[in-house]
Structure formats: structure tokens, C-alpha cells
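With compact mmCIF, N, CA and C atoms inside, this is input.txt:
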# COMPACT_ATOMS: atom_id res chain seq x y z
N MET R 1 24.59 -135.96 -13.91
CA MET R 1 26.00 -136.31 -13.92
C MET R 1 26.29 -137.18 -12.71
N GLN R 2 27.07 -138.19 -12.92
CA GLN R 2 27.39 -139.13 -11.85
C GLN R 2 28.61 -138.64 -11.09
N ASP R 3 28.56 -138.76 -9.74
CA ASP R 3 29.71 -138.40 -8.93
C ASP R 3 30.80 -139.44 -9.12
N VAL R 4 32.02 -139.01 -9.28
CA VAL R 4 33.15 -139.91 -9.46
C VAL R 4 34.13 -139.67 -8.33
N ASN R 5 34.57 -140.73 -7.70
CA ASN R 5 35.58 -140.64 -6.66
C ASN R 5 36.92 -140.41 -7.33
N LEU R 6 37.62 -139.33 -6.99
CA LEU R 6 38.88 -139.00 -7.65
C LEU R 6 39.98 -140.01 -7.36
N ASP R 7 39.79 -140.87 -6.34
CA ASP R 7 40.77 -141.90 -6.04
C ASP R 7 40.52 -143.18 -6.83
N SER R 8 39.40 -143.25 -7.53
CA SER R 8 39.06 -144.47 -8.27
C SER R 8 39.84 -144.51 -9.58
N PRO R 9 39.98 -145.72 -10.14
CA PRO R 9 40.73 -145.83 -11.41
C PRO R 9 40.00 -145.15 -12.57
N ASN R 10 38.70 -144.90 -12.43
CA ASN R 10 37.94 -144.24 -13.50
C ASN R 10 38.07 -142.72 -13.48
N ALA R 11 38.67 -142.19 -12.42
CA ALA R 11 38.80 -140.73 -12.31
C ALA R 11 39.81 -140.23 -13.32
N THR R 12 39.48 -139.13 -13.93
CA THR R 12 40.39 -138.54 -14.90
C THR R 12 40.73 -137.13 -14.49
N PRO R 13 41.90 -136.64 -14.91
CA PRO R 13 42.24 -135.25 -14.59
C PRO R 13 41.23 -134.26 -15.15
N SER R 14 40.58 -134.61 -16.26
CA SER R 14 39.60 -133.68 -16.82
C SER R 14 38.39 -133.55 -15.90
N HIS R 15 38.06 -134.63 -15.16
CA HIS R 15 36.96 -134.55 -14.19
C HIS R 15 37.32 -133.58 -13.07
N ALA R 16 38.54 -133.70 -12.58
CA ALA R 16 38.98 -132.78 -11.52
C ALA R 16 38.99 -131.35 -12.04
N GLY R 17 39.40 -131.17 -13.29
CA GLY R 17 39.40 -129.84 -13.88
C GLY R 17 37.99 -129.29 -14.04
N ALA R 18 37.05 -130.19 -14.35
CA ALA R 18 35.66 -129.76 -14.50
C ALA R 18 35.10 -129.30 -13.16
N VAL R 19 35.42 -130.05 -12.11
CA VAL R 19 34.95 -129.67 -10.77
C VAL R 19 35.54 -128.32 -10.39
N LEU R 20 36.85 -128.16 -10.63
CA LEU R 20 37.49 -126.87 -10.30
C LEU R 20 36.89 -125.74 -11.13
N GLY R 21 36.55 -126.02 -12.37
CA GLY R 21 35.93 -125.00 -13.22
C GLY R 21 34.57 -124.59 -12.69
N ARG R 22 33.79 -125.57 -12.21
CA ARG R 22 32.47 -125.25 -11.67
C ARG R 22 32.57 -124.50 -10.36
N LEU R 23 33.67 -124.69 -9.63
CA LEU R 23 33.83 -124.02 -8.34
C LEU R 23 34.49 -122.65 -8.45
N ALA R 24 34.95 -122.29 -9.63
CA ALA R 24 35.70 -121.03 -9.80
C ALA R 24 34.90 -119.81 -9.39
N VAL R 25 33.66 -119.72 -9.83
CA VAL R 25 32.85 -118.53 -9.53
C VAL R 25 32.50 -118.45 -8.04
N PRO R 26 31.98 -119.54 -7.43
CA PRO R 26 31.69 -119.42 -6.00
C PRO R 26 32.94 -119.17 -5.15
N VAL R 27 34.05 -119.76 -5.52
CA VAL R 27 35.29 -119.52 -4.76
C VAL R 27 35.74 -118.08 -4.96
N GLY R 28 35.62 -117.57 -6.18
CA GLY R 28 35.96 -116.17 -6.43
C GLY R 28 35.08 -115.22 -5.64
N MET R 29 33.79 -115.54 -5.56
CA MET R 29 32.85 -114.73 -4.77
C MET R 29 33.26 -114.73 -3.31
N MET R 30 33.58 -115.92 -2.78
CA MET R 30 33.97 -115.99 -1.37
C MET R 30 35.30 -115.26 -1.14
N ALA R 31 36.20 -115.31 -2.09
CA ALA R 31 37.46 -114.58 -1.95
C ALA R 31 37.20 -113.08 -1.83
N ALA R 32 36.28 -112.57 -2.64
CA ALA R 32 35.95 -111.14 -2.57
C ALA R 32 35.31 -110.79 -1.23
N VAL R 33 34.36 -111.62 -0.78
CA VAL R 33 33.69 -111.37 0.51
C VAL R 33 34.68 -111.49 1.66
N ALA R 34 35.53 -112.52 1.60
CA ALA R 34 36.54 -112.71 2.65
C ALA R 34 37.51 -111.53 2.69
N GLY R 35 37.87 -111.02 1.51
CA GLY R 35 38.75 -109.85 1.46
C GLY R 35 38.11 -108.63 2.09
N ALA R 36 36.83 -108.42 1.80
CA ALA R 36 36.12 -107.28 2.39
C ALA R 36 36.03 -107.44 3.91
N PHE R 37 35.69 -108.64 4.38
CA PHE R 37 35.60 -108.87 5.82
C PHE R 37 36.98 -108.74 6.48
N ALA R 38 38.03 -109.20 5.80
CA ALA R 38 39.38 -109.07 6.35
C ALA R 38 39.75 -107.59 6.50
N TYR R 39 39.41 -106.79 5.51
CA TYR R 39 39.70 -105.36 5.59
C TYR R 39 38.94 -104.72 6.75
N VAL R 40 37.64 -105.01 6.84
CA VAL R 40 36.84 -104.42 7.92
C VAL R 40 37.29 -104.96 9.28
N GLY R 41 37.76 -106.20 9.31
CA GLY R 41 38.27 -106.75 10.55
C GLY R 41 39.58 -106.11 10.98
N THR R 42 40.34 -105.64 10.01
CA THR R 42 41.64 -105.00 10.30
C THR R 42 41.49 -103.52 10.59
N VAL R 43 40.69 -102.83 9.80
CA VAL R 43 40.50 -101.38 9.95
C VAL R 43 39.21 -101.16 10.73
N ASP R 44 39.34 -100.87 12.00
CA ASP R 44 38.21 -100.80 12.93
C ASP R 44 37.25 -99.66 12.61
N PRO R 45 35.99 -99.98 12.29
CA PRO R 45 35.01 -98.93 12.02
C PRO R 45 34.57 -98.18 13.27
N ASN R 46 34.94 -98.66 14.45
CA ASN R 46 34.60 -97.97 15.69
C ASN R 46 35.49 -96.75 15.92
N GLU R 47 36.60 -96.67 15.20
CA GLU R 47 37.50 -95.52 15.29
C GLU R 47 37.13 -94.53 14.19
N PRO R 48 36.84 -93.28 14.56
CA PRO R 48 36.41 -92.31 13.55
C PRO R 48 37.51 -92.01 12.53
N GLY R 49 37.06 -91.69 11.31
CA GLY R 49 37.98 -91.27 10.27
C GLY R 49 38.35 -92.34 9.27
N HIS R 50 38.02 -93.60 9.54
CA HIS R 50 38.39 -94.66 8.60
C HIS R 50 37.36 -94.86 7.50
N TYR R 51 36.10 -94.62 7.81
CA TYR R 51 35.03 -94.85 6.85
C TYR R 51 34.15 -93.60 6.83
N PRO R 52 33.48 -93.34 5.70
CA PRO R 52 32.58 -92.18 5.67
C PRO R 52 31.38 -92.40 6.59
N ALA R 53 30.85 -91.32 7.11
CA ALA R 53 29.67 -91.39 7.98
C ALA R 53 28.43 -91.61 7.12
N CYS R 54 27.42 -92.23 7.73
CA CYS R 54 26.14 -92.41 7.04
C CYS R 54 25.52 -91.03 6.85
N PRO R 55 25.21 -90.64 5.60
CA PRO R 55 24.65 -89.31 5.38
C PRO R 55 23.29 -89.13 6.05
N LEU R 56 22.46 -90.16 6.08
CA LEU R 56 21.15 -90.03 6.71
C LEU R 56 21.32 -89.77 8.21
N LEU R 57 22.20 -90.50 8.85
CA LEU R 57 22.45 -90.30 10.28
C LEU R 57 23.10 -88.94 10.53
N GLN R 58 24.04 -88.58 9.69
CA GLN R 58 24.76 -87.32 9.88
C GLN R 58 23.84 -86.11 9.75
N TYR R 59 22.91 -86.13 8.79
CA TYR R 59 22.08 -84.95 8.55
C TYR R 59 20.74 -84.97 9.25
N THR R 60 20.24 -86.16 9.62
CA THR R 60 18.91 -86.21 10.24
C THR R 60 18.92 -86.82 11.64
N GLY R 61 19.98 -87.55 11.97
CA GLY R 61 20.03 -88.25 13.25
C GLY R 61 19.22 -89.54 13.26
N VAL R 62 18.76 -89.99 12.08
CA VAL R 62 17.97 -91.20 11.95
C VAL R 62 18.89 -92.35 11.51
N TYR R 63 18.78 -93.48 12.20
CA TYR R 63 19.54 -94.67 11.83
C TYR R 63 18.88 -95.36 10.64
N CYS R 64 19.63 -95.55 9.57
CA CYS R 64 19.10 -96.28 8.41
C CYS R 64 19.27 -97.78 8.67
N PRO R 65 18.72 -98.64 7.81
CA PRO R 65 18.84 -100.08 8.06
C PRO R 65 20.29 -100.57 7.96
N GLY R 66 21.15 -99.80 7.30
CA GLY R 66 22.55 -100.22 7.17
C GLY R 66 23.47 -99.67 8.24
N CYS R 67 22.99 -98.70 9.03
CA CYS R 67 23.84 -98.11 10.07
C CYS R 67 24.33 -99.19 11.03
N GLY R 68 25.61 -99.22 11.23
CA GLY R 68 26.20 -100.21 12.12
C GLY R 68 26.62 -101.49 11.41
N GLY R 69 26.38 -101.56 10.11
CA GLY R 69 26.72 -102.77 9.36
C GLY R 69 28.21 -103.07 9.35
N LEU R 70 29.04 -102.03 9.20
CA LEU R 70 30.50 -102.26 9.23
C LEU R 70 30.95 -102.67 10.63
N ARG R 71 30.40 -102.03 11.65
CA ARG R 71 30.74 -102.42 13.02
C ARG R 71 30.29 -103.85 13.29
N SER R 72 29.14 -104.21 12.74
CA SER R 72 28.64 -105.58 12.89
C SER R 72 29.59 -106.58 12.20
N ALA R 73 30.03 -106.26 11.00
CA ALA R 73 30.97 -107.14 10.29
C ALA R 73 32.28 -107.25 11.05
N HIS R 74 32.74 -106.13 11.61
CA HIS R 74 33.97 -106.13 12.41
C HIS R 74 33.82 -107.06 13.62
N ALA R 75 32.67 -106.99 14.27
CA ALA R 75 32.43 -107.85 15.44
C ALA R 75 32.35 -109.31 15.03
N VAL R 76 31.74 -109.61 13.88
CA VAL R 76 31.67 -111.00 13.40
C VAL R 76 33.07 -111.53 13.14
N VAL R 77 33.91 -110.74 12.50
CA VAL R 77 35.29 -111.17 12.21
C VAL R 77 36.02 -111.50 13.51
N HIS R 78 35.74 -110.75 14.56
CA HIS R 78 36.42 -110.96 15.83
C HIS R 78 35.67 -111.93 16.74
N GLY R 79 34.61 -112.55 16.23
CA GLY R 79 33.89 -113.57 16.98
C GLY R 79 32.97 -113.06 18.07
N ASP R 80 32.68 -111.77 18.08
CA ASP R 80 31.80 -111.19 19.10
C ASP R 80 30.40 -111.05 18.50
N PHE R 81 29.65 -112.16 18.52
CA PHE R 81 28.35 -112.19 17.84
C PHE R 81 27.29 -111.37 18.56
N LEU R 82 27.39 -111.24 19.87
CA LEU R 82 26.43 -110.39 20.59
C LEU R 82 26.61 -108.93 20.19
N ALA R 83 27.85 -108.49 20.11
CA ALA R 83 28.10 -107.11 19.67
C ALA R 83 27.65 -106.93 18.22
N ALA R 84 27.84 -107.95 17.40
CA ALA R 84 27.40 -107.87 16.00
C ALA R 84 25.89 -107.69 15.92
N LEU R 85 25.16 -108.44 16.72
CA LEU R 85 23.70 -108.30 16.75
C LEU R 85 23.29 -106.92 17.24
N GLN R 86 23.99 -106.40 18.23
CA GLN R 86 23.68 -105.07 18.76
C GLN R 86 23.96 -104.00 17.72
N ASP R 87 25.06 -104.15 16.98
CA ASP R 87 25.43 -103.14 15.99
C ASP R 87 24.46 -103.10 14.82
N ASN R 88 24.06 -104.26 14.32
CA ASN R 88 23.08 -104.30 13.24
C ASN R 88 22.58 -105.73 13.07
N ALA R 89 21.45 -106.00 13.69
CA ALA R 89 20.87 -107.35 13.67
C ALA R 89 20.49 -107.76 12.24
N ALA R 90 20.01 -106.81 11.45
CA ALA R 90 19.63 -107.14 10.07
C ALA R 90 20.85 -107.56 9.26
N ALA R 91 21.99 -106.93 9.49
CA ALA R 91 23.21 -107.31 8.78
C ALA R 91 23.63 -108.72 9.16
N VAL R 92 23.52 -109.07 10.44
CA VAL R 92 23.90 -110.41 10.88
C VAL R 92 23.02 -111.46 10.20
N VAL R 93 21.72 -111.17 10.08
CA VAL R 93 20.82 -112.08 9.37
C VAL R 93 21.26 -112.19 7.91
N GLY R 94 21.65 -111.08 7.31
CA GLY R 94 22.14 -111.09 5.94
C GLY R 94 23.42 -111.89 5.79
N PHE R 95 24.34 -111.75 6.74
CA PHE R 95 25.59 -112.53 6.70
C PHE R 95 25.27 -114.01 6.77
N ALA R 96 24.37 -114.40 7.65
CA ALA R 96 24.00 -115.81 7.83
C ALA R 96 23.32 -116.36 6.56
N LEU R 97 22.42 -115.57 5.99
CA LEU R 97 21.75 -116.01 4.75
C LEU R 97 22.76 -116.18 3.62
N PHE R 98 23.71 -115.25 3.53
CA PHE R 98 24.74 -115.38 2.50
C PHE R 98 25.53 -116.67 2.70
N ALA R 99 25.89 -116.98 3.94
CA ALA R 99 26.67 -118.19 4.22
C ALA R 99 25.90 -119.45 3.81
N VAL R 100 24.61 -119.48 4.11
CA VAL R 100 23.80 -120.66 3.75
C VAL R 100 23.68 -120.78 2.23
N VAL R 101 23.35 -119.69 1.56
CA VAL R 101 23.18 -119.73 0.10
C VAL R 101 24.50 -120.09 -0.57
N TRP R 102 25.60 -119.53 -0.11
CA TRP R 102 26.90 -119.82 -0.69
C TRP R 102 27.25 -121.30 -0.50
N THR R 103 26.98 -121.86 0.66
CA THR R 103 27.28 -123.26 0.92
C THR R 103 26.47 -124.17 -0.01
N VAL R 104 25.19 -123.87 -0.18
CA VAL R 104 24.35 -124.65 -1.10
C VAL R 104 24.89 -124.53 -2.52
N TRP R 105 25.30 -123.34 -2.91
CA TRP R 105 25.86 -123.10 -4.23
C TRP R 105 27.11 -123.96 -4.46
N VAL R 106 28.01 -123.98 -3.49
CA VAL R 106 29.25 -124.75 -3.63
C VAL R 106 28.96 -126.25 -3.71
N VAL R 107 28.08 -126.74 -2.85
CA VAL R 107 27.76 -128.18 -2.86
C VAL R 107 27.14 -128.56 -4.21
N ARG R 108 26.21 -127.76 -4.70
CA ARG R 108 25.59 -128.07 -5.99
C ARG R 108 26.62 -128.01 -7.12
N ALA R 109 27.50 -127.03 -7.09
CA ALA R 109 28.52 -126.91 -8.13
C ALA R 109 29.48 -128.10 -8.07
N ALA R 110 29.90 -128.49 -6.89
CA ALA R 110 30.83 -129.61 -6.75
C ALA R 110 30.22 -130.91 -7.23
N ARG R 111 28.92 -131.07 -7.05
CA ARG R 111 28.24 -132.30 -7.47
C ARG R 111 27.80 -132.25 -8.94
N GLY R 112 28.04 -131.12 -9.59
CA GLY R 112 27.69 -131.01 -11.00
C GLY R 112 26.22 -130.77 -11.26
N ARG R 113 25.52 -130.31 -10.27
CA ARG R 113 24.09 -130.03 -10.44
C ARG R 113 23.89 -128.65 -11.05
N ARG R 114 22.68 -128.43 -11.50
CA ARG R 114 22.37 -127.12 -12.08
C ARG R 114 22.61 -126.03 -11.05
N PRO R 115 23.02 -124.85 -11.51
CA PRO R 115 23.26 -123.74 -10.57
C PRO R 115 22.00 -123.38 -9.79
N LEU R 116 22.20 -122.95 -8.59
CA LEU R 116 21.10 -122.51 -7.74
C LEU R 116 20.52 -121.22 -8.29
N ARG R 117 19.22 -121.19 -8.46
CA ARG R 117 18.54 -119.98 -8.92
C ARG R 117 17.56 -119.55 -7.85
N ILE R 118 17.75 -118.36 -7.37
CA ILE R 118 16.83 -117.80 -6.39
C ILE R 118 16.03 -116.73 -7.11
N GLU R 119 14.78 -117.04 -7.29
CA GLU R 119 13.91 -116.09 -7.98
C GLU R 119 12.92 -115.54 -6.97
N LEU R 120 13.14 -114.30 -6.60
CA LEU R 120 12.25 -113.65 -5.64
C LEU R 120 11.15 -112.92 -6.39
N GLY R 121 9.94 -113.23 -6.03
CA GLY R 121 8.80 -112.55 -6.63
C GLY R 121 8.57 -111.22 -5.93
N SER R 122 7.61 -110.49 -6.42
CA SER R 122 7.34 -109.18 -5.84
C SER R 122 6.88 -109.30 -4.39
N ALA R 123 6.17 -110.37 -4.05
CA ALA R 123 5.72 -110.55 -2.66
C ALA R 123 6.92 -110.73 -1.73
N HIS R 124 7.93 -111.48 -2.19
CA HIS R 124 9.13 -111.66 -1.38
C HIS R 124 9.87 -110.33 -1.18
N LEU R 125 10.01 -109.58 -2.26
CA LEU R 125 10.73 -108.30 -2.17
C LEU R 125 9.98 -107.31 -1.28
N TRP R 126 8.65 -107.28 -1.39
CA TRP R 126 7.86 -106.39 -0.53
C TRP R 126 8.00 -106.82 0.93
N THR R 127 8.05 -108.11 1.18
CA THR R 127 8.20 -108.61 2.55
C THR R 127 9.55 -108.19 3.13
N VAL R 128 10.61 -108.37 2.35
CA VAL R 128 11.94 -107.96 2.81
C VAL R 128 11.96 -106.45 3.05
N GLY R 129 11.40 -105.69 2.13
CA GLY R 129 11.33 -104.24 2.30
C GLY R 129 10.55 -103.84 3.54
N ALA R 130 9.42 -104.51 3.77
CA ALA R 130 8.60 -104.21 4.96
C ALA R 130 9.36 -104.55 6.24
N LEU R 131 10.06 -105.69 6.25
CA LEU R 131 10.84 -106.06 7.44
C LEU R 131 11.95 -105.05 7.72
N LEU R 132 12.63 -104.60 6.66
CA LEU R 132 13.67 -103.58 6.85
C LEU R 132 13.08 -102.26 7.30
N LEU R 133 11.90 -101.92 6.80
CA LEU R 133 11.23 -100.69 7.24
C LEU R 133 10.86 -100.78 8.71
N VAL R 134 10.30 -101.90 9.13
CA VAL R 134 9.95 -102.09 10.55
C VAL R 134 11.21 -102.04 11.40
N PHE R 135 12.28 -102.70 10.96
CA PHE R 135 13.55 -102.67 11.68
C PHE R 135 14.04 -101.23 11.84
N THR R 136 13.96 -100.46 10.75
CA THR R 136 14.42 -99.07 10.77
C THR R 136 13.57 -98.22 11.72
N VAL R 137 12.26 -98.38 11.66
CA VAL R 137 11.38 -97.59 12.53
C VAL R 137 11.61 -97.94 13.99
N VAL R 138 11.66 -99.24 14.29
CA VAL R 138 11.82 -99.67 15.68
C VAL R 138 13.16 -99.21 16.24
N ARG R 139 14.22 -99.29 15.45
CA ARG R 139 15.54 -98.90 15.98
C ARG R 139 15.64 -97.39 16.22
N ASN R 140 14.72 -96.62 15.64
CA ASN R 140 14.73 -95.17 15.85
C ASN R 140 13.72 -94.69 16.89
N LEU R 141 12.94 -95.60 17.46
CA LEU R 141 12.01 -95.25 18.52
C LEU R 141 12.68 -95.42 19.87
N PRO R 142 12.18 -94.73 20.90
CA PRO R 142 12.82 -94.80 22.22
C PRO R 142 12.93 -96.24 22.76
N PHE R 143 11.91 -97.08 22.56
CA PHE R 143 11.98 -98.44 23.09
C PHE R 143 12.87 -99.35 22.24
N GLY R 144 13.32 -98.88 21.07
CA GLY R 144 14.20 -99.66 20.21
C GLY R 144 15.66 -99.31 20.37
N GLY R 145 15.98 -98.65 21.47
CA GLY R 145 17.36 -98.23 21.70
C GLY R 145 18.36 -99.38 21.71
N TRP R 146 17.89 -100.58 22.04
CA TRP R 146 18.78 -101.74 22.04
C TRP R 146 19.21 -102.12 20.63
N LEU R 147 18.57 -101.55 19.60
CA LEU R 147 18.95 -101.82 18.21
C LEU R 147 19.86 -100.73 17.63
N HIS R 148 20.19 -99.71 18.45
CA HIS R 148 21.11 -98.66 17.97
C HIS R 148 22.51 -99.25 17.82
N PRO R 149 23.21 -98.84 16.77
CA PRO R 149 24.61 -99.28 16.65
C PRO R 149 25.51 -98.65 17.69

Would you mind writing the file's structure down as C-alpha cells?
Amino acid sequence: MQDVNLDSPNATPSHAGAVLGRLAVPVGMMAAVAGAFAYVGTVDPNEPGHYPACPLLQYTGVYCPGCGGLRSAHAVVHGDFLAALQDNAAAVVGFALFAVVWTVWVVRAARGRRPLRIELGSAHLWTVGALLLVFTVVRNLPFGGWLHP
């Protein structure tokens, strides 16, 4: 599909409608994510009673890979990226990956290209799982205290 400048005489309202139609899903996805981040940014997870406790941490004292994720998101919303990394470095990497993938998705959709397909093979999934396992083990060892939320 050829890119058309909407200011050109060849631009039609149907072209603008097509672009908006292609952007509906990624924009809707970002609206949902932005709403979740806005809520977490408003309702501080550092104050007890607002969110349920992690059952693994509550019953075993072991930090799971997600422990501190809400505090990390709260810190990102408030622009405190060092605190976000301290609360949950894996979550910050996830937030950054989401931002990159979403941006590529929007650019491809706006240009009328085929949708982005991320097909992770079993080797990729095992690698992600192994990295999260290492992150979890290290954050629960005495020398990994800097990874505690």
C-alpha cells in the first residue's frame, strides 16, 4: 500500500478512516495500559491495604519474579526510574519491551503494513523462563538484597 499525504489533493476521507481503523486496536491497547498505570500511579502500592499481598511472599517469605511490580509501575509513573529498577528490574525491562513493541505496531499499522507477529519458539520461552528463574533466585539470596522490592 502506498503512503498518501492527507494534505495532498489525492487524499480521501476514506484513507483517513482506514488509517484510524488500523490504529483502533493499538490505541485501545495503549488506553487500557495507560489506565492501569494511571490507577497504580494514583493509588500508591507502598501504602498497605490498597492491593492484595503476594501469597508466595506472605506464606514463605520468598520474593517471586512479580514482587514489587506494582511499586515499580508506580515509580515509573512518577518518573523515578532508579526506584523502579530497585522495586522490580524485570518489570522495568518488561515495560520497556512493551513500549518498543507497541511503537513498532503503531508505525506498521499507520503505514498499512502487515501486523507485527511475534512468534516465540520454545527456545525463546525457555530462555525467558530461565532468566526469570535466575532473577528470582538471585533476589532471594543474601547478596541479591539490592533486588528486593

Those in chain R with alpha helix (DSSP H) from DSSP, as a PyMOL selection string | chain R and resi 13-42+55-60+69-77+81-87+89-110+122-140

Could you jot down the atom CA of R:Val40 to atom N of R:Gly61 separation for me, Å, one decimal place?
-> 24.2 Å

Give as number ranges by chain every residue, naming chains and numbers as the document does, that has an atom within 9 Å of (31.5, -97.8, 7.2), counting only C-alpha atoms.
-> R: 40, 45, 50-54, 67-71

Atom C of R:Pro65 to atom C of R:Val106 measures 29.5 Å

Separation of atom CA of R:Phe37 and atom N of R:Gly49, in Å?
->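 One can read the atom CA of R:Phe37 to atom N of R:Gly49 distance as 18.1 Å.
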
Choose the residue, out of R:Ala73, R:Pro149, R:Arg114, R:Leu132, that has the smallest atom-to-atom separation from R:Val92; count only N, CA and C atoms.
->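 For R:Val92, the nearest of the given residues is R:Ala73.
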
Could you pull out every residue with an atom within 12 Å of (19.1, -122.9, -8.3), file coordinates, counting only C-alpha atoms, and send them as a ChimeraX atom specification?
-> /R:101-102,104-109,113-120

Can you tell me, as an MDAnalysis selection string, what residues are no more than 8 Å from R:Val77 when counting all atoms listed in the file, ignoring any on the same chain fewer than 2 positions away?
-> chainID R and resid 37:38 40:42 71:75 79:81 84

Writer output for current selection, N, CA and C atoms, as a PDB file, in the coordinates of the input:
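Writing the result to again36.pdb gives the following:
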ATOM      1  N   PHE R  37      35.690-108.640   4.380  1.00  0.00           N
ATOM      2  CA  PHE R  37      35.600-108.870   5.820  1.00  0.00           C
ATOM      3  C   PHE R  37      36.980-108.740   6.480  1.00  0.00           C
ATOM      4  N   ALA R  38      38.030-109.200   5.800  1.00  0.00           N
ATOM      5  CA  ALA R  38      39.380-109.070   6.350  1.00  0.00           C
ATOM      6  C   ALA R  38      39.750-107.590   6.500  1.00  0.00           C
ATOM      7  N   VAL R  40      37.640-105.010   6.840  1.00  0.00           N
ATOM      8  CA  VAL R  40      36.840-104.420   7.920  1.00  0.00           C
ATOM      9  C   VAL R  40      37.290-104.960   9.280  1.00  0.00           C
ATOM     10  N   GLY R  41      37.760-106.200   9.310  1.00  0.00           N
ATOM     11  CA  GLY R  41      38.270-106.750  10.550  1.00  0.00           C
ATOM     12  C   GLY R  41      39.580-106.110  10.980  1.00  0.00           C
ATOM     13  N   THR R  42      40.340-105.640  10.010  1.00  0.00           N
ATOM     14  CA  THR R  42      41.640-105.000  10.300  1.00  0.00           C
ATOM     15  C   THR R  42      41.490-103.520  10.590  1.00  0.00           C
ATOM     16  N   ARG R  71      30.400-102.030  11.650  1.00  0.00           N
ATOM     17  CA  ARG R  71      30.740-102.420  13.020  1.00  0.00           C
ATOM     18  C   ARG R  71      30.290-103.850  13.290  1.00  0.00           C
ATOM     19  N   SER R  72      29.140-104.210  12.740  1.00  0.00           N
ATOM     20  CA  SER R  72      28.640-105.580  12.890  1.00  0.00           C
ATOM     21  C   SER R  72      29.590-106.580  12.200  1.00  0.00           C
ATOM     22  N   ALA R  73      30.030-106.260  11.000  1.00  0.00           N
ATOM     23  CA  ALA R  73      30.970-107.140  10.290  1.00  0.00           C
ATOM     24  C   ALA R  73      32.280-107.250  11.050  1.00  0.00           C
ATOM     25  N   HIS R  74      32.740-106.130  11.610  1.00  0.00           N
ATOM     26  CA  HIS R  74      33.970-106.130  12.410  1.00  0.00           C
ATOM     27  C   HIS R  74      33.820-107.060  13.620  1.00  0.00           C
ATOM     28  N   ALA R  75      32.670-106.990  14.270  1.00  0.00           N
ATOM     29  CA  ALA R  75      32.430-107.850  15.440  1.00  0.00           C
ATOM     30  C   ALA R  75      32.350-109.310  15.030  1.00  0.00           C
ATOM     31  N   GLY R  79      34.610-112.550  16.230  1.00  0.00           N
ATOM     32  CA  GLY R  79      33.890-113.570  16.980  1.00  0.00           C
ATOM     33  C   GLY R  79      32.970-113.060  18.070  1.00  0.00           C
ATOM     34  N   ASP R  80      32.680-111.770  18.080  1.00  0.00           N
ATOM     35  CA  ASP R  80      31.800-111.190  19.100  1.00  0.00           C
ATOM     36  C   ASP R  80      30.400-111.050  18.500  1.00  0.00           C
ATOM     37  N   PHE R  81      29.650-112.160  18.520  1.00  0.00           N
ATOM     38  CA  PHE R  81      28.350-112.190  17.840  1.00  0.00           C
ATOM     39  C   PHE R  81      27.290-111.370  18.560  1.00  0.00           C
ATOM     40  N   ALA R  84      27.840-107.950  17.400  1.00  0.00           N
ATOM     41  CA  ALA R  84      27.400-107.870  16.000  1.00  0.00           C
ATOM     42  C   ALA R  84      25.890-107.690  15.920  1.00  0.00           C
TER      43      ALA R  84
END

What would stretch 52-63 of chain R look like with N, CA, C and O atoms restored, written as an mmCIF file, in the coordinates of the input?
data_model
loop_
_atom_site.group_PDB
_atom_site.id
_atom_site.type_symbol
_atom_site.label_atom_id
_atom_site.label_comp_id
_atom_site.auth_asym_id
_atom_site.auth_seq_id
_atom_site.Cartn_x
_atom_site.Cartn_y
_atom_site.Cartn_z
ATOM 1 N N PRO R 52 33.480 -93.340 5.700
ATOM 2 C CA PRO R 52 32.580 -92.180 5.670
ATOM 3 C C PRO R 52 31.380 -92.400 6.590
ATOM 4 O O PRO R 52 30.942 -93.528 6.804
ATOM 5 N N ALA R 53 30.850 -91.320 7.110
ATOM 6 C CA ALA R 53 29.670 -91.390 7.980
ATOM 7 C C ALA R 53 28.430 -91.610 7.120
ATOM 8 O O ALA R 53 28.368 -91.225 5.961
ATOM 9 N N CYS R 54 27.420 -92.230 7.730
ATOM 10 C CA CYS R 54 26.140 -92.410 7.040
ATOM 11 C C CYS R 54 25.520 -91.030 6.850
ATOM 12 O O CYS R 54 25.305 -90.294 7.807
ATOM 13 N N PRO R 55 25.210 -90.640 5.600
ATOM 14 C CA PRO R 55 24.650 -89.310 5.380
ATOM 15 C C PRO R 55 23.290 -89.130 6.050
ATOM 16 O O PRO R 55 23.002 -88.044 6.560
ATOM 17 N N LEU R 56 22.460 -90.160 6.080
ATOM 18 C CA LEU R 56 21.150 -90.030 6.710
ATOM 19 C C LEU R 56 21.320 -89.770 8.210
ATOM 20 O O LEU R 56 20.669 -88.884 8.776
ATOM 21 N N LEU R 57 22.200 -90.500 8.850
ATOM 22 C CA LEU R 57 22.450 -90.300 10.280
ATOM 23 C C LEU R 57 23.100 -88.940 10.530
ATOM 24 O O LEU R 57 22.724 -88.227 11.463
ATOM 25 N N GLN R 58 24.040 -88.580 9.690
ATOM 26 C CA GLN R 58 24.760 -87.320 9.880
ATOM 27 C C GLN R 58 23.840 -86.110 9.750
ATOM 28 O O GLN R 58 23.951 -85.163 10.527
ATOM 29 N N TYR R 59 22.910 -86.130 8.790
ATOM 30 C CA TYR R 59 22.080 -84.950 8.550
ATOM 31 C C TYR R 59 20.740 -84.970 9.250
ATOM 32 O O TYR R 59 20.140 -83.913 9.448
ATOM 33 N N THR R 60 20.240 -86.160 9.620
ATOM 34 C CA THR R 60 18.910 -86.210 10.240
ATOM 35 C C THR R 60 18.920 -86.820 11.640
ATOM 36 O O THR R 60 17.954 -86.676 12.371
ATOM 37 N N GLY R 61 19.980 -87.550 11.970
ATOM 38 C CA GLY R 61 20.030 -88.250 13.250
ATOM 39 C C GLY R 61 19.220 -89.540 13.260
ATOM 40 O O GLY R 61 19.003 -90.147 14.304
ATOM 41 N N VAL R 62 18.760 -89.990 12.080
ATOM 42 C CA VAL R 62 17.970 -91.200 11.950
ATOM 43 C C VAL R 62 18.890 -92.350 11.510
ATOM 44 O O VAL R 62 19.660 -92.198 10.566
ATOM 45 N N TYR R 63 18.780 -93.480 12.200
ATOM 46 C CA TYR R 63 19.540 -94.670 11.830
ATOM 47 C C TYR R 63 18.880 -95.360 10.640
ATOM 48 O O TYR R 63 17.712 -95.708 10.703
#
